[in-house]
$ cat input_34.cif   # mmCIF, N, CA and C atoms and all ligand atoms
data_upload
#
loop_
_atom_site.label_atom_id
_atom_site.label_comp_id
_atom_site.auth_asym_id
_atom_site.auth_seq_id
_atom_site.Cartn_x
_atom_site.Cartn_y
_atom_site.Cartn_z
N MET Y 1 -13.91 -160.95 -8.09
CA MET Y 1 -14.32 -160.21 -6.89
C MET Y 1 -14.47 -158.75 -7.25
N LYS Y 2 -15.56 -158.16 -6.80
CA LYS Y 2 -15.79 -156.75 -7.08
C LYS Y 2 -15.44 -155.93 -5.84
N ILE Y 3 -14.62 -154.91 -6.02
CA ILE Y 3 -14.23 -154.04 -4.91
C ILE Y 3 -14.97 -152.72 -5.07
N HIS Y 4 -15.66 -152.33 -4.04
CA HIS Y 4 -16.36 -151.05 -4.06
C HIS Y 4 -15.34 -149.92 -4.22
N ARG Y 5 -15.71 -148.91 -5.03
CA ARG Y 5 -14.77 -147.83 -5.31
C ARG Y 5 -14.23 -147.18 -4.03
N ARG Y 6 -15.13 -146.94 -3.06
CA ARG Y 6 -14.68 -146.25 -1.84
C ARG Y 6 -13.74 -147.16 -1.04
N ALA Y 7 -14.09 -148.43 -1.00
CA ALA Y 7 -13.21 -149.38 -0.29
C ALA Y 7 -11.85 -149.41 -0.96
N PHE Y 8 -11.87 -149.38 -2.28
CA PHE Y 8 -10.60 -149.40 -3.02
C PHE Y 8 -9.79 -148.15 -2.70
N THR Y 9 -10.47 -147.00 -2.70
CA THR Y 9 -9.79 -145.73 -2.43
C THR Y 9 -9.16 -145.75 -1.04
N GLU Y 10 -9.92 -146.30 -0.08
CA GLU Y 10 -9.40 -146.36 1.29
C GLU Y 10 -8.21 -147.32 1.38
N MET Y 11 -8.33 -148.38 0.63
CA MET Y 11 -7.25 -149.36 0.64
C MET Y 11 -5.98 -148.71 0.07
N VAL Y 12 -6.13 -147.99 -1.03
CA VAL Y 12 -4.99 -147.33 -1.64
C VAL Y 12 -4.41 -146.29 -0.68
N ALA Y 13 -5.33 -145.52 -0.05
CA ALA Y 13 -4.88 -144.48 0.88
C ALA Y 13 -4.11 -145.10 2.05
N SER Y 14 -4.58 -146.27 2.49
CA SER Y 14 -3.93 -146.92 3.63
C SER Y 14 -2.52 -147.36 3.28
N LEU Y 15 -2.26 -147.52 2.02
CA LEU Y 15 -0.92 -147.91 1.58
C LEU Y 15 0.00 -146.70 1.45
N GLY Y 16 -0.57 -145.52 1.66
CA GLY Y 16 0.24 -144.32 1.58
C GLY Y 16 0.42 -143.85 0.14
N VAL Y 17 -0.44 -144.34 -0.72
CA VAL Y 17 -0.35 -143.95 -2.13
C VAL Y 17 -1.45 -142.92 -2.40
N VAL Y 18 -1.11 -141.89 -3.12
CA VAL Y 18 -2.12 -140.90 -3.49
C VAL Y 18 -3.15 -141.57 -4.39
N ALA Y 19 -4.43 -141.38 -4.07
CA ALA Y 19 -5.48 -141.99 -4.87
C ALA Y 19 -5.34 -141.57 -6.33
N ALA Y 20 -5.30 -142.55 -7.20
CA ALA Y 20 -5.09 -142.26 -8.62
C ALA Y 20 -6.41 -141.94 -9.29
N THR Y 21 -6.35 -141.08 -10.25
CA THR Y 21 -7.53 -140.82 -11.08
C THR Y 21 -7.63 -141.97 -12.07
N PRO Y 22 -8.82 -142.22 -12.60
CA PRO Y 22 -8.97 -143.33 -13.54
C PRO Y 22 -8.13 -143.15 -14.81
N ALA Y 23 -7.92 -141.91 -15.21
CA ALA Y 23 -7.15 -141.68 -16.44
C ALA Y 23 -5.68 -142.00 -16.21
N LEU Y 24 -4.99 -142.33 -17.29
CA LEU Y 24 -3.56 -142.56 -17.21
C LEU Y 24 -2.87 -141.29 -16.75
N ALA Y 25 -1.90 -141.44 -15.89
CA ALA Y 25 -1.12 -140.28 -15.47
C ALA Y 25 -0.42 -139.70 -16.70
N ALA Y 26 -0.32 -138.39 -16.73
CA ALA Y 26 0.33 -137.74 -17.87
C ALA Y 26 1.80 -138.14 -17.91
N GLY Y 27 2.27 -138.50 -19.08
CA GLY Y 27 3.67 -138.88 -19.22
C GLY Y 27 4.53 -137.65 -19.46
N LYS Y 28 5.81 -137.91 -19.55
CA LYS Y 28 6.73 -136.81 -19.81
C LYS Y 28 6.85 -136.58 -21.32
N THR Y 29 7.46 -135.45 -21.67
CA THR Y 29 7.69 -135.14 -23.08
C THR Y 29 9.18 -135.07 -23.34
N VAL Y 30 9.60 -135.73 -24.39
CA VAL Y 30 11.01 -135.75 -24.78
C VAL Y 30 11.14 -135.01 -26.11
N GLU Y 31 12.16 -134.18 -26.21
CA GLU Y 31 12.34 -133.37 -27.41
C GLU Y 31 13.38 -133.98 -28.36
N VAL Y 32 13.05 -133.96 -29.65
CA VAL Y 32 14.01 -134.34 -30.68
C VAL Y 32 14.08 -133.18 -31.68
N THR Y 33 15.31 -132.81 -32.03
CA THR Y 33 15.51 -131.68 -32.95
C THR Y 33 16.00 -132.19 -34.29
N MET Y 34 15.49 -131.59 -35.36
CA MET Y 34 15.99 -131.88 -36.71
C MET Y 34 17.13 -130.91 -36.99
N LYS Y 35 18.30 -131.49 -37.19
CA LYS Y 35 19.50 -130.67 -37.40
C LYS Y 35 19.94 -130.77 -38.85
N ASN Y 36 20.62 -129.73 -39.33
CA ASN Y 36 21.04 -129.71 -40.74
C ASN Y 36 22.55 -129.69 -40.94
N ASN Y 37 23.31 -129.39 -39.90
CA ASN Y 37 24.76 -129.29 -40.06
C ASN Y 37 25.49 -130.26 -39.18
N PRO Y 38 26.47 -130.98 -39.69
CA PRO Y 38 26.95 -130.93 -41.08
C PRO Y 38 26.06 -131.73 -42.03
N LYS Y 39 25.13 -132.51 -41.51
CA LYS Y 39 24.18 -133.20 -42.37
C LYS Y 39 22.86 -133.33 -41.63
N ALA Y 40 21.83 -133.72 -42.38
CA ALA Y 40 20.50 -133.81 -41.80
C ALA Y 40 20.41 -135.01 -40.86
N ILE Y 41 20.07 -134.74 -39.61
CA ILE Y 41 19.94 -135.82 -38.62
C ILE Y 41 18.81 -135.49 -37.64
N PHE Y 42 18.35 -136.54 -36.95
CA PHE Y 42 17.52 -136.36 -35.77
C PHE Y 42 18.45 -136.40 -34.57
N GLN Y 43 18.26 -135.44 -33.64
CA GLN Y 43 19.12 -135.43 -32.46
C GLN Y 43 18.27 -135.24 -31.19
N PRO Y 44 18.31 -136.21 -30.26
CA PRO Y 44 19.07 -137.46 -30.36
C PRO Y 44 18.42 -138.42 -31.35
N ALA Y 45 19.24 -139.29 -31.94
CA ALA Y 45 18.74 -140.23 -32.93
C ALA Y 45 17.90 -141.33 -32.27
N THR Y 46 18.20 -141.63 -31.03
CA THR Y 46 17.45 -142.66 -30.30
C THR Y 46 16.95 -142.07 -28.99
N VAL Y 47 15.66 -142.27 -28.71
CA VAL Y 47 15.12 -141.85 -27.42
C VAL Y 47 14.48 -143.05 -26.74
N ASN Y 48 14.64 -143.11 -25.43
CA ASN Y 48 14.05 -144.18 -24.61
C ASN Y 48 12.97 -143.56 -23.73
N ILE Y 49 11.75 -144.03 -23.89
CA ILE Y 49 10.63 -143.45 -23.14
C ILE Y 49 9.79 -144.58 -22.54
N ALA Y 50 8.78 -144.18 -21.76
CA ALA Y 50 7.84 -145.13 -21.18
C ALA Y 50 6.49 -144.98 -21.87
N VAL Y 51 5.66 -145.99 -21.75
CA VAL Y 51 4.30 -145.92 -22.30
C VAL Y 51 3.60 -144.69 -21.72
N GLY Y 52 2.97 -143.92 -22.58
CA GLY Y 52 2.27 -142.71 -22.16
C GLY Y 52 3.09 -141.44 -22.33
N ASP Y 53 4.38 -141.61 -22.63
CA ASP Y 53 5.23 -140.44 -22.87
C ASP Y 53 5.02 -139.93 -24.30
N THR Y 54 5.39 -138.66 -24.48
CA THR Y 54 5.24 -137.99 -25.77
C THR Y 54 6.61 -137.59 -26.30
N VAL Y 55 6.77 -137.72 -27.59
CA VAL Y 55 7.96 -137.17 -28.24
C VAL Y 55 7.52 -135.99 -29.11
N THR Y 56 8.23 -134.88 -28.96
CA THR Y 56 7.97 -133.71 -29.80
C THR Y 56 9.20 -133.43 -30.66
N TRP Y 57 8.97 -133.44 -31.97
CA TRP Y 57 10.04 -133.13 -32.91
C TRP Y 57 9.90 -131.67 -33.33
N THR Y 58 11.03 -130.98 -33.44
CA THR Y 58 11.03 -129.58 -33.87
C THR Y 58 12.01 -129.40 -35.01
N ASN Y 59 11.56 -128.65 -36.01
CA ASN Y 59 12.43 -128.33 -37.14
C ASN Y 59 12.78 -126.84 -37.09
N PRO Y 60 13.94 -126.50 -36.53
CA PRO Y 60 14.29 -125.09 -36.39
C PRO Y 60 14.88 -124.47 -37.66
N GLY Y 61 15.24 -125.30 -38.62
CA GLY Y 61 15.97 -124.78 -39.78
C GLY Y 61 15.11 -124.58 -41.01
N ILE Y 62 15.77 -124.11 -42.08
CA ILE Y 62 15.04 -123.78 -43.31
C ILE Y 62 14.85 -124.98 -44.22
N ILE Y 63 15.48 -126.11 -43.88
CA ILE Y 63 15.33 -127.30 -44.72
C ILE Y 63 14.12 -128.12 -44.24
N THR Y 64 13.29 -128.51 -45.17
CA THR Y 64 12.06 -129.26 -44.86
C THR Y 64 12.39 -130.69 -44.46
N HIS Y 65 11.71 -131.18 -43.43
CA HIS Y 65 11.89 -132.55 -42.96
C HIS Y 65 10.54 -133.21 -42.71
N SER Y 66 10.59 -134.47 -42.29
CA SER Y 66 9.37 -135.16 -41.85
C SER Y 66 9.73 -136.18 -40.77
N VAL Y 67 8.70 -136.61 -40.06
CA VAL Y 67 8.81 -137.71 -39.09
C VAL Y 67 7.85 -138.77 -39.60
N THR Y 68 8.40 -139.87 -40.11
CA THR Y 68 7.57 -140.84 -40.82
C THR Y 68 7.84 -142.26 -40.35
N PHE Y 69 6.86 -142.80 -39.64
CA PHE Y 69 6.89 -144.21 -39.21
C PHE Y 69 5.94 -144.95 -40.15
N ASP Y 70 6.36 -145.16 -41.37
CA ASP Y 70 5.48 -145.79 -42.35
C ASP Y 70 6.31 -146.57 -43.36
N PRO Y 71 6.30 -147.90 -43.24
CA PRO Y 71 7.13 -148.71 -44.15
C PRO Y 71 6.81 -148.46 -45.61
N ALA Y 72 5.54 -148.11 -45.90
CA ALA Y 72 5.14 -147.90 -47.30
C ALA Y 72 5.81 -146.67 -47.90
N GLN Y 73 6.32 -145.79 -47.05
CA GLN Y 73 6.93 -144.56 -47.56
C GLN Y 73 8.46 -144.60 -47.48
N ALA Y 74 9.00 -145.71 -47.04
CA ALA Y 74 10.45 -145.82 -46.90
C ALA Y 74 11.08 -146.39 -48.16
N VAL Y 75 12.24 -145.87 -48.50
CA VAL Y 75 13.01 -146.43 -49.62
C VAL Y 75 13.56 -147.79 -49.19
N THR Y 76 14.06 -147.84 -47.97
CA THR Y 76 14.60 -149.08 -47.40
C THR Y 76 13.66 -149.51 -46.26
N ALA Y 77 12.95 -150.60 -46.48
CA ALA Y 77 11.93 -151.02 -45.53
C ALA Y 77 12.47 -151.19 -44.12
N ALA Y 78 13.71 -151.65 -44.00
CA ALA Y 78 14.30 -151.91 -42.69
C ALA Y 78 14.52 -150.63 -41.88
N ASN Y 79 14.43 -149.48 -42.52
CA ASN Y 79 14.60 -148.22 -41.80
C ASN Y 79 13.38 -147.83 -40.98
N VAL Y 80 12.27 -148.53 -41.22
CA VAL Y 80 11.03 -148.22 -40.50
C VAL Y 80 10.54 -149.49 -39.80
N ALA Y 81 10.10 -149.34 -38.55
CA ALA Y 81 9.54 -150.47 -37.81
C ALA Y 81 8.48 -149.96 -36.85
N LEU Y 82 7.45 -150.74 -36.71
CA LEU Y 82 6.36 -150.44 -35.77
C LEU Y 82 6.02 -151.72 -35.02
N PRO Y 83 5.65 -151.62 -33.73
CA PRO Y 83 5.16 -152.81 -33.03
C PRO Y 83 3.92 -153.35 -33.74
N ALA Y 84 3.67 -154.63 -33.60
CA ALA Y 84 2.52 -155.26 -34.24
C ALA Y 84 1.23 -154.52 -33.89
N GLY Y 85 0.43 -154.24 -34.91
CA GLY Y 85 -0.87 -153.64 -34.69
C GLY Y 85 -0.88 -152.12 -34.60
N VAL Y 86 0.31 -151.50 -34.62
CA VAL Y 86 0.36 -150.03 -34.53
C VAL Y 86 0.29 -149.45 -35.94
N ALA Y 87 -0.62 -148.51 -36.13
CA ALA Y 87 -0.80 -147.88 -37.44
C ALA Y 87 0.34 -146.92 -37.75
N PRO Y 88 0.62 -146.71 -39.04
CA PRO Y 88 1.68 -145.76 -39.41
C PRO Y 88 1.42 -144.37 -38.84
N ILE Y 89 2.52 -143.67 -38.59
CA ILE Y 89 2.49 -142.31 -38.03
C ILE Y 89 3.28 -141.44 -39.00
N ASP Y 90 2.72 -140.29 -39.37
CA ASP Y 90 3.43 -139.43 -40.33
C ASP Y 90 3.12 -137.96 -40.05
N SER Y 91 4.17 -137.19 -39.86
CA SER Y 91 3.99 -135.75 -39.60
C SER Y 91 3.56 -135.00 -40.85
N GLY Y 92 3.82 -135.57 -42.01
CA GLY Y 92 3.71 -134.78 -43.23
C GLY Y 92 4.90 -133.84 -43.30
N THR Y 93 4.87 -132.94 -44.26
CA THR Y 93 5.99 -132.02 -44.47
C THR Y 93 6.08 -131.02 -43.33
N MET Y 94 7.28 -130.91 -42.77
CA MET Y 94 7.50 -129.96 -41.67
C MET Y 94 8.41 -128.83 -42.14
N GLU Y 95 7.82 -127.66 -42.30
CA GLU Y 95 8.60 -126.48 -42.68
C GLU Y 95 9.31 -125.93 -41.44
N GLN Y 96 10.05 -124.83 -41.64
CA GLN Y 96 10.78 -124.22 -40.54
C GLN Y 96 9.85 -123.87 -39.38
N ASP Y 97 10.30 -124.19 -38.18
CA ASP Y 97 9.61 -123.92 -36.92
C ASP Y 97 8.39 -124.81 -36.67
N ALA Y 98 8.18 -125.79 -37.55
CA ALA Y 98 7.09 -126.73 -37.32
C ALA Y 98 7.46 -127.69 -36.19
N THR Y 99 6.43 -128.11 -35.46
CA THR Y 99 6.62 -129.16 -34.47
C THR Y 99 5.62 -130.27 -34.74
N PHE Y 100 5.97 -131.46 -34.30
CA PHE Y 100 5.07 -132.62 -34.42
C PHE Y 100 5.22 -133.43 -33.15
N SER Y 101 4.09 -133.78 -32.55
CA SER Y 101 4.12 -134.56 -31.32
C SER Y 101 3.33 -135.84 -31.47
N HIS Y 102 3.81 -136.88 -30.82
CA HIS Y 102 3.07 -138.14 -30.79
C HIS Y 102 3.24 -138.77 -29.41
N THR Y 103 2.13 -139.22 -28.85
CA THR Y 103 2.14 -139.94 -27.57
C THR Y 103 2.12 -141.43 -27.85
N PHE Y 104 3.10 -142.13 -27.29
CA PHE Y 104 3.26 -143.56 -27.56
C PHE Y 104 2.55 -144.39 -26.49
N THR Y 105 1.62 -145.21 -26.92
CA THR Y 105 0.79 -145.97 -25.99
C THR Y 105 1.03 -147.49 -26.07
N VAL Y 106 1.91 -147.89 -26.97
CA VAL Y 106 2.20 -149.32 -27.13
C VAL Y 106 3.71 -149.52 -26.99
N LYS Y 107 4.07 -150.49 -26.14
CA LYS Y 107 5.50 -150.80 -25.96
C LYS Y 107 6.11 -151.33 -27.25
N GLY Y 108 7.39 -151.11 -27.39
CA GLY Y 108 8.09 -151.69 -28.53
C GLY Y 108 9.13 -150.75 -29.10
N THR Y 109 9.75 -151.21 -30.17
CA THR Y 109 10.77 -150.41 -30.86
C THR Y 109 10.18 -149.85 -32.14
N TYR Y 110 10.27 -148.54 -32.24
CA TYR Y 110 9.75 -147.81 -33.40
C TYR Y 110 10.94 -147.22 -34.15
N LYS Y 111 11.01 -147.48 -35.45
CA LYS Y 111 12.06 -146.86 -36.26
C LYS Y 111 11.39 -145.98 -37.31
N TYR Y 112 11.99 -144.83 -37.55
CA TYR Y 112 11.37 -143.87 -38.46
C TYR Y 112 12.40 -143.18 -39.33
N ILE Y 113 11.87 -142.51 -40.33
CA ILE Y 113 12.72 -141.80 -41.29
C ILE Y 113 12.23 -140.36 -41.46
N CYS Y 114 13.11 -139.55 -42.02
CA CYS Y 114 12.69 -138.31 -42.66
C CYS Y 114 12.54 -138.67 -44.13
N LYS Y 115 11.36 -138.46 -44.69
CA LYS Y 115 11.12 -138.85 -46.09
C LYS Y 115 12.08 -138.16 -47.06
N MET Y 116 12.46 -136.94 -46.73
CA MET Y 116 13.31 -136.17 -47.65
C MET Y 116 14.77 -136.61 -47.60
N HIS Y 117 15.20 -137.16 -46.45
CA HIS Y 117 16.63 -137.41 -46.25
C HIS Y 117 16.94 -138.83 -45.77
N GLU Y 118 16.03 -139.73 -46.00
CA GLU Y 118 16.30 -141.12 -45.58
C GLU Y 118 17.60 -141.64 -46.19
N ALA Y 119 17.79 -141.35 -47.47
CA ALA Y 119 18.97 -141.87 -48.17
C ALA Y 119 20.26 -141.29 -47.62
N MET Y 120 20.16 -140.13 -46.95
CA MET Y 120 21.35 -139.51 -46.35
C MET Y 120 21.55 -140.00 -44.92
N GLY Y 121 20.69 -140.89 -44.49
CA GLY Y 121 20.84 -141.45 -43.15
C GLY Y 121 20.05 -140.74 -42.08
N MET Y 122 19.05 -139.94 -42.48
CA MET Y 122 18.24 -139.25 -41.47
C MET Y 122 17.15 -140.21 -41.00
N VAL Y 123 17.55 -141.00 -39.99
CA VAL Y 123 16.65 -142.02 -39.42
C VAL Y 123 16.74 -141.92 -37.91
N GLY Y 124 15.69 -142.41 -37.26
CA GLY Y 124 15.67 -142.36 -35.80
C GLY Y 124 14.95 -143.55 -35.21
N THR Y 125 15.08 -143.69 -33.89
CA THR Y 125 14.47 -144.80 -33.18
C THR Y 125 13.83 -144.30 -31.88
N VAL Y 126 12.64 -144.78 -31.62
CA VAL Y 126 11.97 -144.52 -30.34
C VAL Y 126 11.74 -145.87 -29.67
N ILE Y 127 12.29 -146.05 -28.49
CA ILE Y 127 12.12 -147.30 -27.75
C ILE Y 127 11.17 -147.04 -26.59
N VAL Y 128 10.03 -147.71 -26.61
CA VAL Y 128 9.00 -147.51 -25.60
C VAL Y 128 8.98 -148.73 -24.68
N ALA Y 129 9.31 -148.51 -23.42
CA ALA Y 129 9.39 -149.63 -22.47
C ALA Y 129 8.26 -149.56 -21.46
CU CU Y 201 15.07 -134.45 -43.32
#

$ encode --input "input_34.cif" --output "structure tokens"
Amino acid sequence: MKIHRRAFTEMVASLGVVAATPALAAGKTVEVTMKNNPKAIFQPATVNIAVGDTVTWTNPGIITHSVTFDPAQAVTAANVALPAGVAPIDSGTMEQDATFSHTFTVKGTYKYICKMHEAMGMVGTVIVA
């Protein structure tokens, strides 16, 4: 059944819902910081977001880090995970004050590493529901 756009808009309005634009509503942004003391970590190590949300990683310190969702670049394959069909994501080298953002459009559990400090346990998880 085809619904005329205006009829649809009126139907939505009659429900008391603000007429939505065709584009996805902008999601929220969650911040993750790369910390160096007492050891290199992502903080928070796990973030829970919704589809369409963005995560922004910031490296405030002088130690170089990365945000790498790429099994091919992990020392331990189990430290990285991507939902089926999602391509690897990699910030590349992040110097002091660098930021990296990614908007997640596929549900699932994403596990990532810092390439420089994976062996020290600098790993993180993004859960997209
Ligand atoms: Cu690191």

$ residues_near_ligand --input "input_34.cif" --ligand "ligand CU 201 (chain Y)" --cutoff "10 Å" --atoms "only C-alpha atoms and all ligand atoms" --output "CSV table (one decimal) with N, CA and C atoms, in the frame of the given file"
chain,number,residue,atom,x,y,z
Y,34,MET,N,15.5,-131.6,-35.4
Y,34,MET,CA,16.0,-131.9,-36.7
Y,34,MET,C,17.1,-130.9,-37.0
Y,35,LYS,N,18.3,-131.5,-37.2
Y,35,LYS,CA,19.5,-130.7,-37.4
Y,35,LYS,C,19.9,-130.8,-38.8
Y,36,ASN,N,20.6,-129.7,-39.3
Y,36,ASN,CA,21.0,-129.7,-40.7
Y,36,ASN,C,22.6,-129.7,-40.9
Y,39,LYS,N,25.1,-132.5,-41.5
Y,39,LYS,CA,24.2,-133.2,-42.4
Y,39,LYS,C,22.9,-133.3,-41.6
Y,40,ALA,N,21.8,-133.7,-42.4
Y,40,ALA,CA,20.5,-133.8,-41.8
Y,40,ALA,C,20.4,-135.0,-40.9
Y,41,ILE,N,20.1,-134.7,-39.6
Y,41,ILE,CA,19.9,-135.8,-38.6
Y,41,ILE,C,18.8,-135.5,-37.6
Y,42,PHE,N,18.4,-136.5,-37.0
Y,42,PHE,CA,17.5,-136.4,-35.8
Y,42,PHE,C,18.4,-136.4,-34.6
Y,59,ASN,N,11.6,-128.6,-36.0
Y,59,ASN,CA,12.4,-128.3,-37.1
Y,59,ASN,C,12.8,-126.8,-37.1
Y,63,ILE,N,15.5,-126.1,-43.9
Y,63,ILE,CA,15.3,-127.3,-44.7
Y,63,ILE,C,14.1,-128.1,-44.2
Y,64,THR,N,13.3,-128.5,-45.2
Y,64,THR,CA,12.1,-129.3,-44.9
Y,64,THR,C,12.4,-130.7,-44.5
Y,65,HIS,N,11.7,-131.2,-43.4
Y,65,HIS,CA,11.9,-132.6,-43.0
Y,65,HIS,C,10.5,-133.2,-42.7
Y,66,SER,N,10.6,-134.5,-42.3
Y,66,SER,CA,9.4,-135.2,-41.8
Y,66,SER,C,9.7,-136.2,-40.8
Y,67,VAL,N,8.7,-136.6,-40.1
Y,67,VAL,CA,8.8,-137.7,-39.1
Y,67,VAL,C,7.8,-138.8,-39.6
Y,93,THR,N,4.9,-132.9,-44.3
Y,93,THR,CA,6.0,-132.0,-44.5
Y,93,THR,C,6.1,-131.0,-43.3
Y,94,MET,N,7.3,-130.9,-42.8
Y,94,MET,CA,7.5,-130.0,-41.7
Y,94,MET,C,8.4,-128.8,-42.1
Y,113,ILE,N,11.9,-142.5,-40.3
Y,113,ILE,CA,12.7,-141.8,-41.3
Y,113,ILE,C,12.2,-140.4,-41.5
Y,114,CYS,N,13.1,-139.6,-42.0
Y,114,CYS,CA,12.7,-138.3,-42.7
Y,114,CYS,C,12.5,-138.7,-44.1
Y,115,LYS,N,11.4,-138.5,-44.7
Y,115,LYS,CA,11.1,-138.8,-46.1
Y,115,LYS,C,12.1,-138.2,-47.1
Y,116,MET,N,12.5,-136.9,-46.7
Y,116,MET,CA,13.3,-136.2,-47.6
Y,116,MET,C,14.8,-136.6,-47.6
Y,117,HIS,N,15.2,-137.2,-46.4
Y,117,HIS,CA,16.6,-137.4,-46.2
Y,117,HIS,C,16.9,-138.8,-45.8
Y,118,GLU,N,16.0,-139.7,-46.0
Y,118,GLU,CA,16.3,-141.1,-45.6
Y,118,GLU,C,17.6,-141.6,-46.2
Y,119,ALA,N,17.8,-141.4,-47.5
Y,119,ALA,CA,19.0,-141.9,-48.2
Y,119,ALA,C,20.3,-141.3,-47.6
Y,120,MET,N,20.2,-140.1,-47.0
Y,120,MET,CA,21.4,-139.5,-46.4
Y,120,MET,C,21.6,-140.0,-44.9
Y,121,GLY,N,20.7,-140.9,-44.5
Y,121,GLY,CA,20.8,-141.4,-43.2
Y,121,GLY,C,20.0,-140.7,-42.1
Y,122,MET,N,19.0,-139.9,-42.5
Y,122,MET,CA,18.2,-139.2,-41.5
Y,122,MET,C,17.2,-140.2,-41.0
Y,123,VAL,N,17.6,-141.0,-40.0
Y,123,VAL,CA,16.6,-142.0,-39.4
Y,123,VAL,C,16.7,-141.9,-37.9

$ residues_around --input "input_34.cif" --residues "Ile127 in chain Y" --least-positions-apart "5" --cutoff "6 Å" --atoms "only N, CA and C atoms" --output "list of chain:residue names"
Y:Val47, Y:Asn48, Y:Ile49, Y:Gly108, Y:Thr109, Y:Tyr110

$ select_by_dssp --input "input_34.cif" --residues "range 57-124 of chain Y" --states "strand (DSSP E)" --output "JSON, numbers by chain"
{"Y": [57, 58, 68, 69, 89, 90, 99, 100, 101, 102, 103, 108, 109, 110, 111, 112, 113, 123, 124]}

$ closest_residue --input "input_34.cif" --among "Y:Gly61, Y:Pro44, Y:Gly124, Y:Gly85" --to "Val32 in chain Y" --atoms "only N, CA and C atoms"
Y:Pro44

$ residues_around --input "input_34.cif" --residues "range 29-31 of chain Y" --least-positions-apart "5" --cutoff "12 Å" --atoms "only C-alpha atoms" --output "list in words"
Phe42, Gln43, Pro44, Ala45, Thr46, Val47, Asn48, Ile49, Ala50, Val51, Gly52, Asp53, Thr54, Val55, Thr56, Trp57, Thr58, Asn59, Thr99, Phe100, Ser101, His102, Thr103, Phe104, Val126, Ile127 and Val128 of chain Y

$ atom_distance --input "input_34.cif" --atom1 "CA of Tyr112 in chain Y" --atom2 "CA of Thr125 in chain Y"
6.2 Å

$ atom_distance --input "input_34.cif" --atom1 "CA of Ala98 in chain Y" --atom2 "CA of Ala129 in chain Y"
27.4 Å

$ atom_distance --input "input_34.cif" --atom1 "atom C of Lys111 in chain Y" --atom2 "CA of Thr33 in chain Y"
15.5 Å

$ select_by_dssp --input "input_34.cif" --residues "chain Y" --states "helix (DSSP H, G or I)" --output "PyMOL selection string"
chain Y and resi 5-14+71-73+77-79+118-120
